[in-house]
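Encoded as structure tokens, the structure appears first; notes follow it.
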Amino acid sequence: MDKGNTLILSFHVATAPSTKRNRLPARAKAQAHQLQEIRVCTNRTCRRQGSFQTLETLSGIAPPNVAVKSCGCLGRCGSGPNLVGLPDGIMVGHCGTAARCLEVMISLFGVGDNSKSSLDALALRKRADLEFEKRNFTEAELLLSQAIDLKPFGGIHVTFKCRSLVRLELGNYSGALQDAKEALILAPGYTEAYICQGDAFLALNIFDLAEHSYLASLDIDPSIRHSKSFKARITRLQEKLACVNTS
């Protein structure tokens, strides 16, 4: 059996239901073990007080080892938006502004300092998202590069992933690959960065490493095998391999 068919076969085996997986990098496993968490109440009262905006801001400035999730009522209704920091169970109220979100992130987890670099970087990333939607990829890349240059304590792994996506659209495949790798250095368990890395390898016609990256993303989040976008990626990989095998 030739190499191309081996790759296709190995993917089908890997995407079948399995009770044992060994591809997840050790760094990703270690990070998962050290994961801390913020849960933001999005119940009725806190929602009216702006908890969805709080959730978005905290998610945007969180370092890789801090997960930000929504949750139900935490009590203390009327003093929201309320959140709890885990694993210590520290309750925090009145977290309704971006500045307060930054203060909470620093006080709960001792990350960064009291500078605004993370908030400024998040604002640049949001602007880049809008430019990306309008297909202004050059402008989006510039904004994301400015965000990275600010060296924020949190969210920079997401910014590298976003710039990887932009560079793929611009045809800068080596740059996209480097950005995906940077994101994975910062966040070894980052599913979307593995997918970006796979896309870059696929664009560079490095099929075995593309497959490896896609399988690594599956190890972290097996549910993505059901997504249309992930299936489309595997179809493209198989089509490229078929062309190589018949040429």
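Labels for the structure tokens follow display order: chains A, B, ..., residues from 1 in each chain, ligands from 1.
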
Any idea what's packed within 10 Å of Gly78 of chain A, counting only C-alpha atoms, ignoring anything in its chain fewer than 4 positions away? Could you give it as a ChimeraX atom specification?
-> /A:45-46,48-49,82,93-94

Distance query Phe109 of chain A at most 9 Å, only C-alpha atoms, self and fewer than 6 positions along chain excluded, as a ChimeraX atom specification | /A:36,66,85

For the selection you just gave me, I'd like the residues written to a file as a tab-separated table (two decimals), in the first residue's frame, keeping N, CA and C atoms.
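New file result.tsv:
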chain	number	residue	atom	x	y	z
A	36	GLN	N	-7.39	26.36	35.13
A	36	GLN	CA	-8.22	27.09	36.07
A	36	GLN	C	-9.44	27.61	35.32
A	66	VAL	N	-6.58	29.41	31.61
A	66	VAL	CA	-7.80	29.85	32.28
A	66	VAL	C	-8.97	29.72	31.31
A	85	GLY	N	-14.34	32.17	40.61
A	85	GLY	CA	-13.05	31.66	40.16
A	85	GLY	C	-12.79	30.30	40.76

Nearest to Lys126 of chain A by atom-to-atom distance, counting only C-alpha atoms, from A:Val40, A:Leu86, A:Met91, A:Thr57 =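 The answer is A:Thr57, which sits nearest to Lys126 of chain A.
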
Just how far from atom CA of Asn65 of chain A is atom CA of Cys196 of chain A, in Å to one decimal?
-> 20.0 Å

Check segment 151-223 of chain A with DSSP on the backbone and list each residue it calls helix (DSSP H, G or I), as an mmCIF file with N, CA and C atoms, in the first residue's frame.
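Output below, filename result-v9.cif:
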data_model
loop_
_atom_site.group_PDB
_atom_site.id
_atom_site.type_symbol
_atom_site.label_atom_id
_atom_site.label_comp_id
_atom_site.auth_asym_id
_atom_site.auth_seq_id
_atom_site.Cartn_x
_atom_site.Cartn_y
_atom_site.Cartn_z
ATOM 1 N N ILE A 156 -3.249 36.094 23.578
ATOM 2 C CA ILE A 156 -2.322 36.206 22.448
ATOM 3 C C ILE A 156 -2.296 34.922 21.623
ATOM 4 N N HIS A 157 -2.574 33.776 22.263
ATOM 5 C CA HIS A 157 -2.626 32.522 21.504
ATOM 6 C C HIS A 157 -3.773 32.559 20.491
ATOM 7 N N VAL A 158 -4.884 33.201 20.870
ATOM 8 C CA VAL A 158 -6.011 33.348 19.947
ATOM 9 C C VAL A 158 -5.630 34.285 18.798
ATOM 10 N N THR A 159 -4.888 35.334 19.119
ATOM 11 C CA THR A 159 -4.481 36.291 18.094
ATOM 12 C C THR A 159 -3.554 35.642 17.073
ATOM 13 N N PHE A 160 -2.626 34.811 17.541
ATOM 14 C CA PHE A 160 -1.765 34.086 16.598
ATOM 15 C C PHE A 160 -2.600 33.163 15.708
ATOM 16 N N LYS A 161 -3.592 32.499 16.298
ATOM 17 C CA LYS A 161 -4.456 31.626 15.497
ATOM 18 C C LYS A 161 -5.221 32.422 14.453
ATOM 19 N N CYS A 162 -5.733 33.588 14.857
ATOM 20 C CA CYS A 162 -6.476 34.434 13.920
ATOM 21 C C CYS A 162 -5.578 34.913 12.783
ATOM 22 N N ARG A 163 -4.341 35.288 13.117
ATOM 23 C CA ARG A 163 -3.438 35.738 12.053
ATOM 24 C C ARG A 163 -3.056 34.584 11.141
ATOM 25 N N SER A 164 -2.993 33.375 11.685
ATOM 26 C CA SER A 164 -2.754 32.205 10.845
ATOM 27 C C SER A 164 -3.857 32.053 9.809
ATOM 28 N N LEU A 165 -5.106 32.228 10.239
ATOM 29 C CA LEU A 165 -6.237 32.151 9.308
ATOM 30 C C LEU A 165 -6.134 33.217 8.220
ATOM 31 N N VAL A 166 -5.781 34.428 8.629
ATOM 32 C CA VAL A 166 -5.659 35.528 7.672
ATOM 33 C C VAL A 166 -4.554 35.234 6.663
ATOM 34 N N ARG A 167 -3.427 34.743 7.152
ATOM 35 C CA ARG A 167 -2.302 34.480 6.250
ATOM 36 C C ARG A 167 -2.597 33.328 5.297
ATOM 37 N N LEU A 168 -3.413 32.390 5.724
ATOM 38 C CA LEU A 168 -3.862 31.354 4.792
ATOM 39 C C LEU A 168 -4.644 31.978 3.642
ATOM 40 N N GLU A 169 -5.513 32.925 3.963
ATOM 41 C CA GLU A 169 -6.298 33.599 2.927
ATOM 42 C C GLU A 169 -5.409 34.423 2.002
ATOM 43 N N LEU A 170 -4.321 34.962 2.545
ATOM 44 C CA LEU A 170 -3.402 35.771 1.745
ATOM 45 C C LEU A 170 -2.428 34.919 0.935
ATOM 46 N N TYR A 173 1.495 30.772 3.244
ATOM 47 C CA TYR A 173 1.307 29.510 3.953
ATOM 48 C C TYR A 173 2.387 29.255 5.006
ATOM 49 N N SER A 174 3.620 29.653 4.716
ATOM 50 C CA SER A 174 4.679 29.459 5.712
ATOM 51 C C SER A 174 4.438 30.357 6.923
ATOM 52 N N GLY A 175 3.963 31.586 6.674
ATOM 53 C CA GLY A 175 3.635 32.476 7.783
ATOM 54 C C GLY A 175 2.464 31.956 8.596
ATOM 55 N N ALA A 176 1.470 31.396 7.907
ATOM 56 C CA ALA A 176 0.319 30.812 8.598
ATOM 57 C C ALA A 176 0.752 29.644 9.468
ATOM 58 N N LEU A 177 1.663 28.830 8.947
ATOM 59 C CA LEU A 177 2.162 27.689 9.714
ATOM 60 C C LEU A 177 2.914 28.153 10.955
ATOM 61 N N GLN A 178 3.745 29.167 10.804
ATOM 62 C CA GLN A 178 4.503 29.669 11.946
ATOM 63 C C GLN A 178 3.577 30.224 13.025
ATOM 64 N N ASP A 179 2.532 30.934 12.612
ATOM 65 C CA ASP A 179 1.589 31.481 13.590
ATOM 66 C C ASP A 179 0.845 30.370 14.325
ATOM 67 N N ALA A 180 0.456 29.335 13.602
ATOM 68 C CA ALA A 180 -0.225 28.210 14.253
ATOM 69 C C ALA A 180 0.699 27.547 15.270
ATOM 70 N N LYS A 181 1.964 27.415 14.915
ATOM 71 C CA LYS A 181 2.932 26.826 15.849
ATOM 72 C C LYS A 181 3.117 27.709 17.078
ATOM 73 N N GLU A 182 3.148 29.024 16.873
ATOM 74 C CA GLU A 182 3.273 29.942 18.011
ATOM 75 C C GLU A 182 2.073 29.800 18.947
ATOM 76 N N ALA A 183 0.887 29.684 18.372
ATOM 77 C CA ALA A 183 -0.315 29.508 19.191
ATOM 78 C C ALA A 183 -0.231 28.228 20.007
ATOM 79 N N LEU A 184 0.320 27.175 19.413
ATOM 80 C CA LEU A 184 0.404 25.890 20.110
ATOM 81 C C LEU A 184 1.504 25.876 21.162
ATOM 82 N N ILE A 185 2.536 26.669 20.977
ATOM 83 C CA ILE A 185 3.549 26.808 22.031
ATOM 84 C C ILE A 185 2.909 27.428 23.270
ATOM 85 N N LEU A 186 2.069 28.430 23.041
ATOM 86 C CA LEU A 186 1.407 29.121 24.146
ATOM 87 C C LEU A 186 0.260 28.300 24.730
ATOM 88 N N THR A 191 -7.413 23.415 20.147
ATOM 89 C CA THR A 191 -7.926 22.660 19.001
ATOM 90 C C THR A 191 -7.847 23.454 17.701
ATOM 91 N N GLU A 192 -8.308 24.701 17.732
ATOM 92 C CA GLU A 192 -8.365 25.497 16.508
ATOM 93 C C GLU A 192 -6.980 25.762 15.935
ATOM 94 N N ALA A 193 -5.974 25.853 16.805
ATOM 95 C CA ALA A 193 -4.615 26.065 16.307
ATOM 96 C C ALA A 193 -4.102 24.825 15.587
ATOM 97 N N TYR A 194 -4.453 23.638 16.090
ATOM 98 C CA TYR A 194 -4.073 22.411 15.382
ATOM 99 C C TYR A 194 -4.734 22.345 14.011
ATOM 100 N N ILE A 195 -5.982 22.789 13.926
ATOM 101 C CA ILE A 195 -6.666 22.789 12.632
ATOM 102 C C ILE A 195 -5.986 23.767 11.676
ATOM 103 N N CYS A 196 -5.629 24.950 12.178
ATOM 104 C CA CYS A 196 -4.904 25.914 11.340
ATOM 105 C C CYS A 196 -3.569 25.347 10.879
ATOM 106 N N GLN A 197 -2.886 24.671 11.787
ATOM 107 C CA GLN A 197 -1.609 24.059 11.423
ATOM 108 C C GLN A 197 -1.818 23.014 10.329
ATOM 109 N N GLY A 198 -2.874 22.210 10.476
ATOM 110 C CA GLY A 198 -3.183 21.225 9.444
ATOM 111 C C GLY A 198 -3.497 21.876 8.111
ATOM 112 N N ASP A 199 -4.254 22.975 8.143
ATOM 113 C CA ASP A 199 -4.584 23.687 6.904
ATOM 114 C C ASP A 199 -3.325 24.213 6.219
ATOM 115 N N ALA A 200 -2.386 24.724 7.027
ATOM 116 C CA ALA A 200 -1.146 25.249 6.452
ATOM 117 C C ALA A 200 -0.316 24.124 5.836
ATOM 118 N N PHE A 201 -0.202 23.010 6.551
ATOM 119 C CA PHE A 201 0.531 21.868 5.991
ATOM 120 C C PHE A 201 -0.138 21.370 4.709
ATOM 121 N N LEU A 202 -1.466 21.357 4.705
ATOM 122 C CA LEU A 202 -2.189 20.908 3.519
ATOM 123 C C LEU A 202 -1.925 21.839 2.341
ATOM 124 N N ALA A 203 -1.931 23.146 2.597
ATOM 125 C CA ALA A 203 -1.653 24.114 1.536
ATOM 126 C C ALA A 203 -0.231 23.969 1.006
ATOM 127 N N PHE A 207 1.379 16.311 3.389
ATOM 128 C CA PHE A 207 0.132 15.636 3.726
ATOM 129 C C PHE A 207 0.197 14.858 5.041
ATOM 130 N N ASP A 208 1.341 14.233 5.333
ATOM 131 C CA ASP A 208 1.407 13.442 6.562
ATOM 132 C C ASP A 208 1.303 14.334 7.794
ATOM 133 N N LEU A 209 1.931 15.518 7.741
ATOM 134 C CA LEU A 209 1.858 16.423 8.885
ATOM 135 C C LEU A 209 0.491 17.105 8.971
ATOM 136 N N ALA A 210 -0.157 17.301 7.826
ATOM 137 C CA ALA A 210 -1.530 17.817 7.855
ATOM 138 C C ALA A 210 -2.435 16.824 8.568
ATOM 139 N N GLU A 211 -2.296 15.554 8.199
ATOM 140 C CA GLU A 211 -3.099 14.521 8.847
ATOM 141 C C GLU A 211 -2.817 14.462 10.347
ATOM 142 N N HIS A 212 -1.545 14.523 10.708
ATOM 143 C CA HIS A 212 -1.169 14.472 12.127
ATOM 144 C C HIS A 212 -1.813 15.619 12.900
ATOM 145 N N SER A 213 -1.828 16.809 12.308
ATOM 146 C CA SER A 213 -2.415 17.969 12.979
ATOM 147 C C SER A 213 -3.919 17.803 13.152
ATOM 148 N N TYR A 214 -4.582 17.328 12.109
ATOM 149 C CA TYR A 214 -6.024 17.121 12.206
ATOM 150 C C TYR A 214 -6.361 16.066 13.259
ATOM 151 N N LEU A 215 -5.569 15.008 13.310
ATOM 152 C CA LEU A 215 -5.816 13.966 14.302
ATOM 153 C C LEU A 215 -5.565 14.478 15.719
ATOM 154 N N ALA A 216 -4.571 15.350 15.877
ATOM 155 C CA ALA A 216 -4.315 15.934 17.196
ATOM 156 C C ALA A 216 -5.508 16.766 17.654
ATOM 157 N N SER A 217 -6.124 17.490 16.719
ATOM 158 C CA SER A 217 -7.307 18.274 17.087
ATOM 159 C C SER A 217 -8.455 17.357 17.502
ATOM 160 N N LEU A 218 -8.567 16.210 16.850
ATOM 161 C CA LEU A 218 -9.595 15.239 17.223
ATOM 162 C C LEU A 218 -9.354 14.661 18.611
ATOM 163 N N ASP A 219 -8.100 14.435 18.945
ATOM 164 C CA ASP A 219 -7.784 13.908 20.270
ATOM 165 C C ASP A 219 -8.239 14.866 21.368
ATOM 166 N N ILE A 220 -8.126 16.155 21.099
ATOM 167 C CA ILE A 220 -8.517 17.154 22.089
ATOM 168 C C ILE A 220 -10.030 17.315 22.131
ATOM 169 N N PRO A 222 -13.048 15.362 20.287
ATOM 170 C CA PRO A 222 -13.579 14.363 19.343
ATOM 171 C C PRO A 222 -14.865 14.794 18.650
ATOM 172 N N SER A 223 -15.598 15.742 19.225
ATOM 173 C CA SER A 223 -16.882 16.136 18.638
ATOM 174 C C SER A 223 -16.725 16.821 17.287
#

Selection near Leu122 of chain A, 8 Å with only C-alpha atoms, sequence-local residues under 6 positions removed, as a PyMOL selection string | chain A and resi 60-61+147+155
